[in-house]
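Shown next: my_file.csv, given as CSV, C-alpha atoms (C1' of nucleotides).
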```csv
chain,number,residue,atom,x,y,z
A,1,MET,CA,175.3,188.7,82.6
A,2,ALA,CA,177.2,185.6,81.6
A,3,ASP,CA,175.7,183.3,79.1
A,4,PRO,CA,173.1,181.1,80.8
A,5,VAL,CA,173.4,178.7,77.9
A,6,ILE,CA,176.7,177.6,79.2
A,7,PHE,CA,175.3,176.9,82.7
A,8,GLU,CA,172.4,175.2,81.2
A,9,THR,CA,174.6,173.0,79.0
A,10,LEU,CA,176.9,172.0,81.9
A,11,ASN,CA,173.9,171.4,84.0
A,12,GLU,CA,172.4,169.0,81.5
A,13,ILE,CA,175.7,167.3,81.2
A,14,GLY,CA,175.9,166.9,84.9
A,15,ILE,CA,172.5,165.3,85.2
A,16,ILE,CA,173.0,163.1,82.2
A,17,ASN,CA,176.2,161.8,83.8
A,18,GLN,CA,174.4,161.2,87.1
A,19,LEU,CA,171.5,159.4,85.6
A,20,ALA,CA,173.5,157.4,83.1
A,21,SER,CA,176.1,156.3,85.7
A,22,THR,CA,173.4,155.2,88.1
A,23,LYS,CA,171.5,153.3,85.4
A,24,PHE,CA,174.8,151.8,84.2
A,25,ARG,CA,175.9,150.6,87.6
A,26,ASN,CA,172.5,149.0,88.3
A,27,VAL,CA,173.0,146.8,85.3
A,28,LEU,CA,176.6,145.9,85.8
A,29,PRO,CA,177.6,142.6,87.5
A,30,ASP,CA,177.7,142.4,91.2
A,31,GLY,CA,179.2,145.5,92.9
A,32,MET,CA,181.0,146.6,89.8
A,33,GLU,CA,181.4,150.3,89.3
A,34,VAL,CA,181.3,152.2,86.1
A,35,SER,CA,184.9,153.2,86.6
A,36,HIS,CA,185.9,149.6,87.0
A,37,PHE,CA,184.2,148.6,83.9
A,38,SER,CA,185.8,151.5,82.0
A,39,VAL,CA,189.3,150.5,83.0
A,40,LEU,CA,188.7,146.8,82.0
A,41,ASN,CA,187.3,148.0,78.7
A,42,HIS,CA,190.2,150.3,78.1
A,43,LEU,CA,192.7,147.6,78.7
A,44,VAL,CA,190.9,145.2,76.4
A,45,ARG,CA,190.6,147.7,73.6
A,46,LEU,CA,194.0,149.4,73.7
A,47,GLY,CA,195.9,146.5,75.2
A,48,ASP,CA,197.1,145.9,78.8
A,49,ASP,CA,200.6,146.1,80.2
A,50,ARG,CA,200.1,149.7,81.1
A,51,THR,CA,201.1,151.8,84.1
A,52,LEU,CA,198.7,153.1,86.6
A,53,ALA,CA,199.6,156.7,85.9
A,54,SER,CA,199.0,156.3,82.2
A,55,ILE,CA,195.6,154.9,82.8
A,56,ALA,CA,194.8,157.7,85.2
A,57,ARG,CA,195.8,160.2,82.5
A,58,ALA,CA,193.6,158.4,79.9
A,59,PHE,CA,190.6,158.8,82.1
A,60,GLN,CA,191.6,162.2,83.5
A,61,VAL,CA,191.3,161.2,87.1
A,62,THR,CA,193.8,161.7,89.9
A,63,LYS,CA,196.3,159.0,90.7
A,64,PRO,CA,194.9,158.3,94.1
A,65,SER,CA,191.6,157.6,92.5
A,66,MET,CA,193.2,155.2,90.0
A,67,THR,CA,195.1,153.5,92.8
A,68,ASN,CA,191.8,152.8,94.4
A,69,THR,CA,190.2,151.5,91.2
A,70,ILE,CA,193.2,149.3,90.4
A,71,GLN,CA,193.3,147.9,93.9
A,72,ARG,CA,189.7,146.9,93.8
A,73,LEU,CA,190.1,145.3,90.4
A,74,GLU,CA,193.1,143.4,91.7
A,75,ALA,CA,191.3,142.3,94.9
A,76,ARG,CA,188.7,140.7,92.6
A,77,GLY,CA,191.3,139.1,90.5
A,78,LEU,CA,190.3,141.0,87.4
A,79,VAL,CA,193.7,142.5,86.8
A,80,GLN,CA,197.2,141.6,87.9
A,81,VAL,CA,199.8,144.1,88.8
A,82,THR,CA,203.6,143.6,88.6
A,83,PRO,CA,206.6,145.8,89.1
A,84,ASP,CA,207.9,147.5,86.0
A,85,PRO,CA,211.2,145.8,85.0
A,86,VAL,CA,212.6,149.0,83.7
A,87,ASP,CA,211.3,151.8,85.8
A,88,GLY,CA,211.6,151.1,89.5
A,89,ARG,CA,208.8,153.5,90.4
A,90,ALA,CA,206.2,152.1,88.1
A,91,LYS,CA,203.8,149.2,88.1
A,92,ARG,CA,202.4,147.4,85.1
A,93,VAL,CA,198.7,146.5,85.0
A,94,PHE,CA,197.6,143.3,83.1
A,95,LEU,CA,194.2,141.8,82.5
A,96,THR,CA,193.5,138.4,83.8
A,97,GLN,CA,191.3,135.9,82.1
A,98,ALA,CA,188.6,136.6,84.7
A,99,GLY,CA,189.0,140.3,83.9
A,100,ARG,CA,188.4,139.7,80.2
A,101,MET,CA,185.4,137.5,81.0
A,102,MET,CA,184.0,140.1,83.3
A,103,ARG,CA,184.3,142.8,80.7
A,104,ASP,CA,182.5,140.6,78.2
A,105,GLU,CA,179.8,139.9,80.7
A,106,ALA,CA,179.4,143.5,81.5
A,107,ILE,CA,179.0,144.4,77.8
A,108,ALA,CA,176.5,141.7,77.4
A,109,ARG,CA,174.5,143.1,80.3
A,110,LEU,CA,174.7,146.6,79.0
A,111,GLY,CA,173.3,145.4,75.7
A,112,PRO,CA,169.6,145.8,76.4
A,113,ALA,CA,170.0,149.3,77.8
A,114,ILE,CA,172.0,150.3,74.8
A,115,GLU,CA,169.4,148.8,72.5
A,116,GLU,CA,166.7,150.9,74.1
A,117,LEU,CA,168.8,154.0,73.7
A,118,ALA,CA,169.5,153.1,70.1
A,119,ALA,CA,165.8,152.7,69.5
A,120,GLU,CA,165.1,156.1,70.8
A,121,PHE,CA,168.1,157.9,69.3
A,122,SER,CA,169.8,157.3,66.0
A,123,ALA,CA,173.5,156.8,65.8
A,124,ASP,CA,173.6,160.0,63.8
A,125,ASP,CA,172.2,161.9,66.8
A,126,PHE,CA,175.2,160.9,68.8
A,127,LYS,CA,177.6,161.4,65.9
A,128,ALA,CA,176.3,164.9,65.5
A,129,ALA,CA,176.8,165.7,69.1
A,130,LEU,CA,180.2,164.3,69.5
A,131,PRO,CA,182.4,166.9,67.8
A,132,PHE,CA,181.3,169.6,70.1
A,133,LEU,CA,181.6,167.4,73.2
A,134,LYS,CA,185.1,166.4,72.2
A,135,ARG,CA,186.1,170.0,71.6
A,136,LEU,CA,184.7,171.0,75.0
A,137,ARG,CA,186.4,168.2,76.7
A,138,ALA,CA,189.7,169.0,75.0
A,139,TYR,CA,189.4,172.6,76.0
A,140,LEU,CA,188.7,171.8,79.7
A,141,ASP,CA,191.5,169.3,79.6
A,142,ALA,CA,194.0,171.9,78.3
A,143,GLU,CA,192.7,174.5,80.8
A,144,ARG,CA,193.3,172.1,83.6
A,145,ASP,CA,197.1,172.2,83.2
A,146,ARG,CA,197.3,175.8,83.9
A,147,PRO,CA,197.1,177.1,87.5
A,148,GLY,CA,197.9,175.0,90.6
A,149,SER,CA,197.4,171.8,88.8
A,150,PRO,CA,197.8,169.2,91.6
A,151,ASN,CA,198.4,165.5,91.9
A,152,ARG,CA,197.9,164.0,88.5
B,1,MET,CA,178.1,144.9,68.4
B,2,ALA,CA,176.4,147.8,70.2
B,3,ASP,CA,177.1,151.3,68.9
B,4,PRO,CA,180.4,152.5,70.2
B,5,VAL,CA,179.2,156.0,69.5
B,6,ILE,CA,176.9,155.8,72.5
B,7,PHE,CA,179.7,154.7,74.8
B,8,GLU,CA,182.0,157.4,73.4
B,9,THR,CA,179.4,160.1,73.9
B,10,LEU,CA,178.6,159.1,77.5
B,11,ASN,CA,182.3,158.8,78.1
B,12,GLU,CA,183.0,162.3,76.9
B,13,ILE,CA,180.1,163.6,79.0
B,14,GLY,CA,181.5,161.9,82.0
B,15,ILE,CA,184.9,163.5,81.6
B,16,ILE,CA,183.5,166.9,80.8
B,17,ASN,CA,181.4,166.7,84.0
B,18,GLN,CA,184.5,165.7,86.0
B,19,LEU,CA,186.7,168.4,84.6
B,20,ALA,CA,184.1,171.1,84.7
B,21,SER,CA,183.1,170.3,88.3
B,22,THR,CA,186.6,170.3,89.5
B,23,LYS,CA,187.4,173.6,87.8
B,24,PHE,CA,184.2,175.0,89.1
B,25,ARG,CA,184.8,174.0,92.6
B,26,ASN,CA,188.3,175.5,92.6
B,27,VAL,CA,186.8,178.8,91.7
B,28,LEU,CA,183.9,178.8,94.2
B,29,PRO,CA,184.2,180.6,97.5
B,30,ASP,CA,185.7,178.7,100.4
B,31,GLY,CA,184.8,175.0,100.6
B,32,MET,CA,181.6,175.5,98.5
B,33,GLU,CA,180.6,172.6,96.4
B,34,VAL,CA,179.0,172.8,93.0
B,35,SER,CA,175.9,171.1,94.4
B,36,HIS,CA,175.6,173.8,97.1
B,37,PHE,CA,175.9,176.6,94.6
B,38,SER,CA,173.4,174.9,92.3
B,39,VAL,CA,170.8,174.7,95.1
B,40,LEU,CA,171.3,178.4,96.1
B,41,ASN,CA,171.0,179.4,92.5
B,42,HIS,CA,167.9,177.3,92.1
B,43,LEU,CA,166.2,178.9,95.1
B,44,VAL,CA,167.1,182.4,93.8
B,45,ARG,CA,165.9,181.8,90.4
B,46,LEU,CA,162.7,179.8,91.0
B,47,GLY,CA,162.0,181.2,94.5
B,48,ASP,CA,162.6,179.7,97.9
B,49,ASP,CA,160.0,178.2,100.4
B,50,ARG,CA,160.4,174.8,98.9
B,51,THR,CA,160.5,171.3,100.4
B,52,LEU,CA,163.7,169.3,100.4
B,53,ALA,CA,162.0,166.5,98.4
B,54,SER,CA,161.0,168.9,95.6
B,55,ILE,CA,164.5,170.3,95.4
B,56,ALA,CA,165.9,166.7,95.3
B,57,ARG,CA,163.6,165.9,92.4
B,58,ALA,CA,164.5,169.1,90.6
B,59,PHE,CA,168.2,168.0,90.6
B,60,GLN,CA,167.4,164.4,90.3
B,61,VAL,CA,169.4,163.3,93.3
B,62,THR,CA,168.3,161.1,96.1
B,63,LYS,CA,166.7,162.5,99.2
B,64,PRO,CA,169.6,161.5,101.5
B,65,SER,CA,171.9,163.4,99.2
B,66,MET,CA,169.8,166.5,99.4
B,67,THR,CA,169.5,166.1,103.1
B,68,ASN,CA,173.2,166.3,103.3
B,69,THR,CA,173.4,169.4,101.0
B,70,ILE,CA,170.7,171.3,102.9
B,71,GLN,CA,172.3,170.5,106.2
B,72,ARG,CA,175.6,171.9,105.0
B,73,LEU,CA,174.0,175.0,103.7
B,74,GLU,CA,172.0,175.4,106.9
B,75,ALA,CA,175.2,174.9,109.0
B,76,ARG,CA,176.7,177.8,107.1
B,77,GLY,CA,173.7,180.0,107.5
B,78,LEU,CA,173.0,180.1,103.8
B,79,VAL,CA,169.5,178.7,104.1
B,80,GLN,CA,167.0,178.4,106.9
B,81,VAL,CA,164.8,175.4,107.4
B,82,THR,CA,161.4,175.5,109.1
B,83,PRO,CA,158.7,172.9,109.5
B,84,ASP,CA,155.9,172.9,107.0
B,85,PRO,CA,152.8,174.4,108.6
B,86,VAL,CA,150.5,172.2,106.6
B,87,ASP,CA,152.3,169.0,106.0
B,88,GLY,CA,153.7,167.5,109.2
B,89,ARG,CA,156.3,165.4,107.4
B,90,ALA,CA,157.8,168.2,105.3
B,91,LYS,CA,160.2,171.0,105.8
B,92,ARG,CA,160.4,174.3,104.0
B,93,VAL,CA,163.7,175.7,102.8
B,94,PHE,CA,164.3,179.4,102.7
B,95,LEU,CA,167.3,181.5,101.5
B,96,THR,CA,168.9,183.8,104.1
B,97,GLN,CA,170.4,187.1,103.2
B,98,ALA,CA,173.8,185.5,103.5
B,99,GLY,CA,172.7,182.8,101.1
B,100,ARG,CA,171.7,185.3,98.5
B,101,MET,CA,175.0,187.1,98.9
B,102,MET,CA,177.0,183.9,98.6
B,103,ARG,CA,175.2,183.1,95.4
B,104,ASP,CA,176.0,186.5,94.0
B,105,GLU,CA,179.6,186.2,95.0
B,106,ALA,CA,179.8,182.7,93.4
B,107,ILE,CA,178.5,184.0,90.2
B,108,ALA,CA,180.9,186.9,90.2
B,109,ARG,CA,183.8,184.4,90.8
B,110,LEU,CA,182.6,182.2,88.0
B,111,GLY,CA,182.6,185.1,85.6
B,112,PRO,CA,186.2,184.9,84.3
B,113,ALA,CA,186.0,181.1,83.7
B,114,ILE,CA,182.8,181.6,81.8
B,115,GLU,CA,184.4,184.5,79.8
B,116,GLU,CA,187.2,182.2,78.7
B,117,LEU,CA,184.7,179.6,77.7
B,118,ALA,CA,182.7,182.2,75.8
B,119,ALA,CA,185.8,183.3,74.0
B,120,GLU,CA,186.6,179.8,72.9
B,121,PHE,CA,183.1,178.7,72.0
B,122,SER,CA,180.2,180.7,70.7
B,123,ALA,CA,176.8,180.8,72.3
B,124,ASP,CA,175.6,179.1,69.2
B,125,ASP,CA,177.8,176.1,69.8
B,126,PHE,CA,176.1,175.5,73.1
B,127,LYS,CA,172.6,176.3,71.7
B,128,ALA,CA,173.2,173.8,69.0
B,129,ALA,CA,174.2,171.1,71.4
B,130,LEU,CA,171.4,171.7,73.9
B,131,PRO,CA,168.4,170.1,72.2
B,132,PHE,CA,170.1,166.7,72.0
B,133,LEU,CA,171.4,166.9,75.5
B,134,LYS,CA,167.9,167.8,76.8
B,135,ARG,CA,166.3,165.0,74.9
B,136,LEU,CA,168.9,162.6,76.3
B,137,ARG,CA,168.4,163.8,79.8
B,138,ALA,CA,164.6,163.6,79.5
B,139,TYR,CA,164.9,160.1,78.2
B,140,LEU,CA,167.2,158.9,81.0
B,141,ASP,CA,165.0,160.6,83.5
B,142,ALA,CA,161.9,158.9,82.2
B,143,GLU,CA,163.7,155.5,82.1
B,144,ARG,CA,164.7,155.9,85.7
B,145,ASP,CA,161.1,155.6,87.0
B,146,ARG,CA,160.8,152.1,85.6
B,147,PRO,CA,162.2,149.1,87.5
B,148,GLY,CA,163.2,149.0,91.1
B,149,SER,CA,163.3,152.8,91.4
B,150,PRO,CA,164.6,153.4,95.0
B,151,ASN,CA,164.6,156.1,97.5
B,152,ARG,CA,163.7,159.3,95.6
C,1,DA,C1',136.7,154.4,110.7
C,2,DT,C1',140.5,151.5,109.7
C,3,DT,C1',143.8,149.6,107.2
C,4,DA,C1',147.0,149.7,103.4
C,5,DT,C1',149.9,152.4,100.7
C,6,DA,C1',152.7,156.4,99.6
C,7,DT,C1',155.6,160.4,100.8
C,8,DT,C1',159.0,163.2,103.8
C,9,DG,C1',163.1,163.2,105.8
C,10,DT,C1',166.9,160.9,108.3
C,11,DT,C1',170.6,157.7,109.7
C,12,DA,C1',173.9,154.2,108.5
C,13,DA,C1',177.2,151.9,105.6
C,14,DA,C1',179.7,151.5,101.3
C,15,DT,C1',182.3,153.6,97.5
C,16,DC,C1',183.9,157.3,94.8
C,17,DT,C1',186.6,161.4,94.0
C,18,DC,C1',189.3,165.1,95.4
C,19,DT,C1',193.3,167.6,97.8
C,20,DA,C1',197.4,167.4,100.6
C,21,DA,C1',201.4,165.3,101.9
C,22,DC,C1',205.0,161.8,101.5
C,23,DT,C1',208.2,158.0,99.8
C,24,DA,C1',210.9,156.2,96.3
C,25,DG,C1',212.9,156.2,91.9
C,26,DT,C1',214.4,159.0,87.4
C,27,DT,C1',216.0,162.8,84.6
C,28,DT,C1',218.2,167.1,83.9
C,29,DG,C1',221.6,170.2,84.0
C,30,DA,C1',225.3,172.8,86.0
D,1,DT,C1',229.2,163.6,89.5
D,2,DC,C1',225.5,165.5,92.2
D,3,DA,C1',221.9,168.3,93.4
D,4,DA,C1',217.4,170.0,91.8
D,5,DA,C1',213.3,169.0,89.6
D,6,DC,C1',210.1,165.7,88.0
D,7,DT,C1',207.3,161.4,87.9
D,8,DA,C1',205.1,156.9,90.0
D,9,DG,C1',202.4,155.4,93.4
D,10,DT,C1',200.4,155.4,98.2
D,11,DT,C1',198.3,157.0,102.5
D,12,DA,C1',195.2,159.9,105.0
D,13,DG,C1',191.3,162.9,105.5
D,14,DA,C1',187.1,165.2,103.9
D,15,DG,C1',182.9,165.5,101.4
D,16,DA,C1',179.6,163.6,97.8
D,17,DT,C1',176.5,160.2,96.2
D,18,DT,C1',174.2,155.8,96.3
D,19,DT,C1',171.3,151.9,98.4
D,20,DA,C1',168.9,150.1,102.4
D,21,DA,C1',166.2,150.6,106.2
D,22,DC,C1',163.3,153.4,109.4
D,23,DA,C1',160.1,156.8,111.7
D,24,DA,C1',156.5,159.9,111.1
D,25,DT,C1',152.7,161.8,108.7
D,26,DA,C1',149.3,161.8,104.8
D,27,DT,C1',146.3,159.9,101.4
D,28,DA,C1',143.5,156.3,99.4
D,29,DA,C1',140.7,152.4,99.6
D,30,DT,C1',137.6,149.3,101.7
```

Could I get this structure in the form of structure tokens?
Amino acid sequence: MADPVIFETLNEIGIINQLASTKFRNVLPDGMEVSHFSVLNHLVRLGDDRTLASIARAFQVTKPSMTNTIQRLEARGLVQVTPDPVDGRAKRVFLTQAGRMMRDEAIARLGPAIEELAAEFSADDFKAALPFLKRLRAYLDAERDRPGSPNR
Amino acid sequence: MADPVIFETLNEIGIINQLASTKFRNVLPDGMEVSHFSVLNHLVRLGDDRTLASIARAFQVTKPSMTNTIQRLEARGLVQVTPDPVDGRAKRVFLTQAGRMMRDEAIARLGPAIEELAAEFSADDFKAALPFLKRLRAYLDAERDRPGSPNR
DNA sequence: ATTATATTGTTAAATCTCTAACTAGTTTGA
DNA sequence: TCAAACTAGTTAGAGATTTAACAATATAAT
């Protein structure tokens, strides 16, 4: 009999993700998705002028998925996409001023929910949990590149 | 500035969920989804003869979502749905023999992947992580029932 | 009893993510 | 140099999940 602890852990993780995403999205501006915010935040923190594929890799989603996300962000004027001057296949993704503002607004709106969380859990609780989660993530990520790894 | 540890943790959880789900699904029989397996497993472990709404609550998904899942399972002959004899609104969900077999087969197929995980991580690693995850899940779950809680 | 409120389950529309398949450039290597 | 193999990005199709809105039944309250 396989360890039920593993199932249980993955199950909890799945539900947490579901609940947190829903809660998150309900707080975000307009029809903004968690994935949209994540990309904006990523570009602010690590710098923009990145290719779609590199962003997809960073979030470990498929390229078609990131194509979708970027197209939505572009349609809202939150990012700007230009051809890569060096690599004819690639595109470069830049933040617009509106994109930066939207990211700031999203963070401001997230504030209260984070406060509540911080009131209920200490930063140490999260810090204590992180190493295991990172290790698990890294393992699954490495695993992924083994068999018929598809369209990334 | 809000604790980035919180963001980081939720981010890791999101990616783990994504990678684990995809890996999971690739191993499951046919076009079986993780959510389908979860419901079958739930019914085997806790007993069938349950209403759709109660199953939806157990997994913390919306009713329409569970309607979809149950309809797919029923279309494959893995569960059987009958009207509730007492409550005219409700339906009762039962496992079929095929459903039980499918659940067993899924678990068998999951085996190797779980083995690998168990080789890389000890059961104690998971046991150590669980309390925090459960607490977090419970908190988010309780939070959910506060504002404009919709269609559950 | 009757009315108001809550619960069960479904349909519809929107969006996400995935896999499969394809186009177009780039690198590698014989 | 040139073909093979790889990488960037898109399109198309399928299924999941959410919110909104409803129909039908049950429960509570007056």

Which chain B residues have any atom within 10 Å of an atom of chain C, and for each, what is the nearest pair of atoms with distance in Å to one decimal, counting all atoms listed in the file, rows sorted by chain and number, as CSV?
```
residue,atom,partner,partner_atom,distance
B:Gln18,CA,C:DT17,C1',9.3
B:Thr22,CA,C:DC18,C1',8.3
B:Thr51,CA,C:DT8,C1',8.9
B:Leu52,CA,C:DG9,C1',8.2
B:Ala53,CA,C:DT8,C1',7.0
B:Lys63,CA,C:DG9,C1',7.6
B:Pro64,CA,C:DT10,C1',7.3
B:Met66,CA,C:DG9,C1',9.8
B:Thr67,CA,C:DG9,C1',7.5
B:Asn68,CA,C:DT10,C1',9.7
B:Asp87,CA,C:DT8,C1',9.1
B:Gly88,CA,C:DT8,C1',8.7
B:Arg89,CA,C:DT8,C1',5.0
B:Ala90,CA,C:DT8,C1',5.4
B:Lys91,CA,C:DT8,C1',8.1
B:Arg152,CA,C:DT7,C1',9.7
```

Taking only C-alpha atoms (C1' of nucleotides) into account, find every residue of chain D that has an atom no more than 12 Å from chain A, and write it out as JSON, numbers by chain.
{"D": [7, 8, 9, 10, 11, 12, 17, 18, 19]}

Interface residues on chain A facing chain B, 8 Å, all atoms listed in the file, written as a ChimeraX atom specification:
/A:2-3,5-6,9-10,12-17,19-20,23,59-60,111,114-115,118,123,125-127,129-130,132-134,136-137,140-141,144

Within 10 Å of Met101 (chain A) using only C-alpha atoms (C1' of nucleotides), minus same-chain residues under 5 positions, as a PyMOL selection string
chain A and resi 40+78+95-96+106-107

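For the pair CA of Gly99 (chain B) and C1' of DA16 (chain D), the interatomic distance is 20.7 Å.
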
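The interatomic distance for the pair CA of Leu73 (chain B) and CA of Arg103 (chain B) works out to 11.7 Å.
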
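From CA of Arg92 (chain A) back to CA of Asp48 (chain A), the distance works out to 8.4 Å.
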